[in-house]
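The next block is my_file-v2.cif, given as mmCIF, C-alpha atoms and all ligand atoms.
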```cif
data_target
loop_
_atom_site.label_atom_id
_atom_site.label_comp_id
_atom_site.auth_asym_id
_atom_site.auth_seq_id
_atom_site.Cartn_x
_atom_site.Cartn_y
_atom_site.Cartn_z
CA MET A 1 79.20 89.25 77.32
CA THR A 2 79.58 85.47 77.47
CA LEU A 3 81.63 83.97 80.26
CA SER A 4 82.88 80.46 80.74
CA THR A 5 81.75 78.69 83.86
CA THR A 6 85.02 79.41 85.64
CA ALA A 7 84.98 83.18 85.12
CA VAL A 8 83.09 85.66 87.25
CA VAL A 9 82.32 89.34 86.96
CA VAL A 10 83.64 90.73 90.23
CA CYS A 11 82.79 94.44 90.15
CA PRO A 12 83.14 97.57 88.04
CA TYR A 13 86.77 98.55 87.54
CA ASP A 14 86.02 102.01 88.93
CA ALA A 15 84.98 100.47 92.24
CA LEU A 16 88.55 99.34 92.89
CA LEU A 17 90.77 101.77 94.76
CA PRO A 18 94.46 101.93 93.85
CA GLU A 19 96.68 99.89 96.20
CA ARG A 20 93.65 98.38 97.96
CA GLY A 21 92.69 94.75 97.80
CA VAL A 22 89.20 93.32 97.75
CA ALA A 23 88.08 89.76 98.42
CA ALA A 24 85.77 87.96 96.02
CA LEU A 25 84.51 84.47 95.34
CA LEU A 26 85.55 82.49 92.28
CA GLY A 27 83.25 79.53 92.54
CA SER A 28 84.02 78.24 96.02
CA ARG A 29 87.52 79.74 96.11
CA GLN A 30 88.28 83.03 97.78
CA ILE A 31 90.39 85.37 95.72
CA ALA A 32 92.12 88.64 96.48
CA LEU A 33 91.90 91.28 93.77
CA PHE A 34 94.35 94.18 93.64
CA ARG A 35 94.56 97.34 91.59
CA VAL A 36 98.02 98.93 91.70
CA PHE A 37 98.90 102.57 91.05
CA SER A 38 99.67 101.87 87.38
CA GLY A 39 96.07 100.69 87.00
CA GLU A 40 97.09 97.09 86.45
CA LEU A 41 95.01 94.37 88.11
CA PHE A 42 96.13 91.19 89.84
CA ALA A 43 94.05 88.31 91.20
CA LEU A 44 95.55 85.83 93.66
CA GLY A 45 94.35 83.36 96.24
CA ASN A 46 93.02 85.07 99.36
CA GLN A 47 94.34 82.40 101.71
CA ASP A 48 97.62 83.22 103.44
CA PRO A 49 99.74 80.04 102.96
CA VAL A 50 101.44 80.50 106.32
CA SER A 51 98.53 81.18 108.65
CA GLY A 52 95.79 79.56 106.57
CA ALA A 53 93.59 82.62 107.11
CA ASN A 54 91.73 84.26 104.22
CA VAL A 55 93.37 87.65 104.62
CA MET A 56 95.55 88.38 101.60
CA SER A 57 93.06 90.95 100.26
CA ARG A 58 93.88 93.02 103.35
CA GLY A 59 97.63 92.84 102.69
CA ILE A 60 99.81 95.85 102.09
CA VAL A 61 100.43 96.54 98.41
CA GLY A 62 103.86 97.80 97.48
CA SER A 63 106.88 96.96 95.39
CA ARG A 64 110.38 95.59 95.66
CA GLY A 65 112.44 97.02 92.86
CA ASP A 66 110.30 96.54 89.76
CA VAL A 67 108.23 93.79 91.35
CA PRO A 68 104.67 94.68 92.41
CA THR A 69 104.02 92.99 95.75
CA VAL A 70 101.55 92.29 98.50
CA ALA A 71 102.61 91.56 102.08
CA SER A 72 100.60 89.17 104.21
CA PRO A 73 98.87 91.08 107.00
CA MET A 74 99.58 88.13 109.33
CA PHE A 75 103.29 87.42 109.21
CA LYS A 76 104.44 89.90 106.56
CA GLN A 77 105.70 87.48 103.91
CA VAL A 78 105.95 89.41 100.64
CA TYR A 79 104.52 87.92 97.45
CA ASP A 80 105.06 88.86 93.80
CA LEU A 81 101.62 89.94 92.56
CA ARG A 82 102.45 88.69 89.05
CA THR A 83 103.46 85.14 89.96
CA GLY A 84 102.21 84.61 93.52
CA VAL A 85 105.68 83.47 94.60
CA CYS A 86 107.04 84.64 97.97
CA LEU A 87 110.14 86.73 97.39
CA ASP A 88 112.22 85.27 100.20
CA ASP A 89 110.81 81.76 100.35
CA PRO A 90 109.81 80.43 96.91
CA SER A 91 108.21 77.39 98.55
CA LEU A 92 105.35 79.72 99.52
CA VAL A 93 103.12 80.38 96.52
CA LEU A 94 99.72 81.97 96.12
CA PRO A 95 97.62 80.79 93.18
CA VAL A 96 97.21 83.47 90.51
CA TYR A 97 94.16 83.89 88.31
CA PRO A 98 93.69 85.61 84.97
CA VAL A 99 91.98 88.98 85.35
CA ARG A 100 90.76 91.37 82.67
CA VAL A 101 88.45 94.32 82.18
CA VAL A 102 85.59 94.05 79.69
CA ASP A 103 83.16 96.94 79.24
CA GLY A 104 84.37 98.46 82.50
CA GLU A 105 83.75 95.27 84.50
CA VAL A 106 86.49 93.25 86.16
CA ILE A 107 86.42 89.58 85.21
CA VAL A 108 88.45 86.95 87.02
CA GLY A 109 89.03 83.46 85.70
CA ASP A 110 89.18 82.20 82.15
S1 LIG A 201 109.16 87.58 102.11
FE1 LIG A 201 109.91 86.69 103.95
S2 LIG A 201 109.45 84.55 103.68
FE2 LIG A 201 108.75 85.50 101.82
#
```
As structure tokens, how would this structure be written, given the file I've shared?
Amino acid sequence: MTLSTTAVVVCPYDALLPERGVAALLGSRQIALFRVFSGELFALGNQDPVSGANVMSRGIVGSRGDVPTVASPMFKQVYDLRTGVCLDDPSLVLPVYPVRVVDGEVIVGD
């Protein structure tokens, strides 16, 4: 498997528990990786935009309507896992990163 310099193999897909986030490093950036019940994966910035703390991987995964979400464990802002945009305050945005599974391994970045 050949990866570009901005992609990293994070862990085996099977190591991720549904609805649980894990933190990982993408270069020098902290990311939060989530597997939702459907099996889909999402990778976002781990830094909570409101508190500045690297805690998003410990956020509560859920949904609002059809939107898969994660709530900040600090102040409970709810973010769309697909876009990183806060549902009630679109000025708050988490960066999102491409994530895919190759040969059973989770790869973040492109
Ligand atoms: S969900 Fe309350 S500010 Fe975003």
Pick out the residues sitting within 12 Å of A:Asp89, and hand them over as an MDAnalysis selection string; count all atoms listed in the file, and ignore anything fewer than 2 positions along from it in its own chain.
chainID A and resid 49:50 77:80 84:87 91:94
Would you work out the distance separating atom CA of A:Glu40 from atom CA of A:Asp110, expressed in Å to one decimal?
17.4 Å
Expected axis-aligned box over every listed atom of ligand LIG 201 (chain A), 6 Å added per side, centre plus edges in Å to one decimal, as AutoDock Vina command-line options:
```
--center_x 109.3 --center_y 86.1 --center_z 102.9 --size_x 13.2 --size_y 15.0 --size_z 14.1
```
Which residue, A:Val36, A:Val102, A:Ala71, A:Ala43, has the smallest gap to ligand LIG 201 (chain A) when you use only C-alpha atoms and all ligand atoms?
A:Ala71
Just to confirm, what's the straight-line distance from atom CA of A:Val99 to atom CA of A:Asp14 in Å (one decimal)?
14.8 Å
